[in-house]
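S.K.: The structure under discussion is supplied below as structure tokens; questions concerning it will follow.
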Amino acid sequence: MHRWRSGRRHAAMLAGRPAAVAWAARLANTAGAGARLARRVPAPWPYLIGLFLGAKLLLTLLGLLVLHAWDGIGGAPPPDEAMMWAQQREVSGHRWISFWFAWDALLYLRLSELPLTGRPWGDFGFPLLYPFLARPVGALLGGDNALALLLISNVAFLGALVYGYRLAELLLGDPDAARRFTRYLVLLPTAFLFQAALTESLFVCLALAAFYYAERRRWLLVGVLGYFLAMSRSLGLLVALPLALVLLRQHDWRLGPRALLGYLRIGWPLLLLPAGWFTFMAFCRWRGGDWFAYQHAQRVGWGITMQNPVPVVVDALAGGPRDAGRVLFALVVLAVLVAGFRRRELPYLVYGVLMILVPLSMGPAVYKSLLRYLLAVFPVALVLARWARSAGVDVWLTAVLAVVQGALFVLWLTYWTHMII
């Protein structure tokens with residue numbers, strides 16, 4: 001009997017072996033096909049897409065957990081935030097969508113829905129590239145302009161990572177450093193706003209792309225990107241100066257009549273940056289009868305006027321802890337930029353200084369959003385990527401930045417939204 005049972009088991013094993021071998025062969029073929037496909041994908045893409053999706057997933061889960069916990073706390077939302085929270089619920093019944101809309105994001109949504117003709121246009125305080133892009137995208141999404149704004153922001157966020165990697169590889173000369181740069185770009189203290197319905201991701205994507213193509217001497221493309229950069233935010237116009245410094249550096253800083261003619265012949269597309277802002281001014285004239293309607297709207301609506309940034313900084317440091325904290329943060333970013341300065345990167349130092357000082361020069365109405373505007377200072381991530389060549393420093397810096405961003409994200413979701421926007 002024992003021999004008979006052993007024979008049956010042996011026969012069953014022999015009978016099942018072809019099926020098992022075939023299954024193993026199919027599994028090996030699938031794995032091989034996956035490996036071949038992975039080899040065909042350019043090297044940075046798996047890393048960049050993983051970085052993008054990882055940030056998206058982690059922040060979405062954290063946001064939902066925080067808001068769920070906050071629902072059980074008495075007095076939440078606070079009275080001065082109740083209207084905004086009600087507007088968020090009107091945007092979408094899905095909290096993973098609605099919590100990306102706060103303050104200025106709600107205004108961008110309104111601008112994307114206002115009719116271009118008919119009653120007079122009164123909303124000139126914001127450049128219109130971002131909300132106007134949402135019009136055709138929203139039409140493709142069945143009229144959902146809120147989803148269109150988020151889609152544009154997130155596509156631009158991924159584009160910022162791609163162009164950031166390429167630019168860092170040119171400037172730092174090392175793929176590992178380029179990966180560190182993109183990671184730090186994602187981990188900057190308010191980098192969660194790259195995923196919000198705001199202009200930050202679009203502005204940074206266009207700026208990084210413009211600098212990348214400037215380094216590659218493709219100046220016509222730089223001009224086209226710069227045109228849209230200037231239409232995305234008022235600071236975009238000023239990026240013409242650091243881009244011009246890239247051109248000067250590429251020609252060994254030569255000056256003189258012949259050199260200037262050469263710069264004009266090569267770098268004339270930089271004139272498209274002021275043309276982009278002039279396009280917005282023309283819109284102000286068309287719909288409001290005033291070329292400078294945006295200035296008047298900002299002065300009347302928010303009290304924005306150009307000021308000396310030094311007294312603004314002094315007053316903020318002597319003020320309450322929130323104002324002092326914002327300005328101290330800006331000074332730390334400025335100190336990192338200066339400490340990490342290299343002569344070849346002068347254009348990026350100038351760019352970073354402009355992105356810090358201009359908001360400060362517009363007074364308290366703007367520097368209350370300073371933590372948001374500092375997100376445009378991408379050169380600070382270049383400095384950090386160079387400083388963190390040691391694996392130990394890289395790990396600690398990554399951890400610290402992640403904790404700081406997580407804390408600010410929680411503040412942004414709850415009582416302290418107005419600390420960041």
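Residues are named by chain letter and number: chains run A, B, ... in the order of the structure tokens, numbers start at 1 in each chain, and ligands are numbered from 1 in the order shown.
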Among segment 40-289 of chain A, which residues does DSSP mark as helix (DSSP H, G or I) when it is run on the backbone? Keep the chain and numbering as in the structure and answer as a VMD selection string.
M.R.: chain A and resid 40 44 to 70 79 to 91 95 to 98 104 to 113 129 to 140 145 to 172 175 to 187 191 to 195 200 to 215 219 to 232 234 to 250 257 to 288
S.K.: For Thr190 of chain A, find every residue with an atom within 7 Å (counting only C-alpha atoms), except residues of its own chain fewer than 6 positions away, and show them as a ChimeraX atom specification.
M.R.: /A:371-372,375,405,408
S.K.: Any chance you can output those residues with N, CA and C atoms as a compact mmCIF listing (two decimals), in the first residue's frame?
M.R.:
# COMPACT_ATOMS: atom_id res chain seq x y z
N LEU A 371 5.85 83.18 3.42
CA LEU A 371 6.24 81.77 3.39
C LEU A 371 5.81 81.11 2.09
N ARG A 372 4.72 81.59 1.53
CA ARG A 372 4.27 81.08 0.23
C ARG A 372 5.18 81.59 -0.89
N LEU A 375 8.62 80.08 -1.80
CA LEU A 375 8.68 78.81 -2.52
C LEU A 375 9.28 79.00 -3.92
N GLN A 405 7.93 70.78 6.94
CA GLN A 405 6.84 70.90 5.99
C GLN A 405 5.56 70.27 6.53
N LEU A 408 3.94 72.74 8.96
CA LEU A 408 3.33 73.87 8.26
C LEU A 408 2.08 73.45 7.49
S.K.: I want to know what sits within 9 Å of Gln87 of chain A, based on only C-alpha atoms, with residues of the same chain fewer than 4 positions away left out; could you give that as a short mmCIF file (atom, residue, chain, number, x, y, z; two decimals) with C-alpha atoms, in the first residue's frame?
M.R.:
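Contents of selection03.cif, freshly written:
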data_model
loop_
_atom_site.label_atom_id
_atom_site.label_comp_id
_atom_site.auth_asym_id
_atom_site.auth_seq_id
_atom_site.Cartn_x
_atom_site.Cartn_y
_atom_site.Cartn_z
CA ALA A 82 -15.65 79.68 8.80
CA MET A 83 -16.51 81.44 5.52
CA VAL A 91 -15.87 73.66 -4.42
CA SER A 98 -11.48 70.86 -1.45
CA PHE A 101 -8.51 75.55 -2.10
CA ALA A 102 -7.88 78.34 0.39
CA LEU A 106 -10.78 80.56 -4.34
#
S.K.: Smallest atom-to-atom distance to Tyr351 of chain A: which of A:Arg389, A:Leu245, A:Leu411, A:Gly320, using only C-alpha atoms?
M.R.: A:Leu245
S.K.: Fewer than 3 positions away in the same chain doesn't count, so skip those; otherwise give me all residues within 10 Å of Pro175 of chain A, counting only C-alpha atoms, as a list in words.
M.R.: Ala43, Pro44, Tyr165, Arg166, Ala168, Glu169, Leu170, Leu172, Ala178, Arg179, Arg180 and Phe181 of chain A
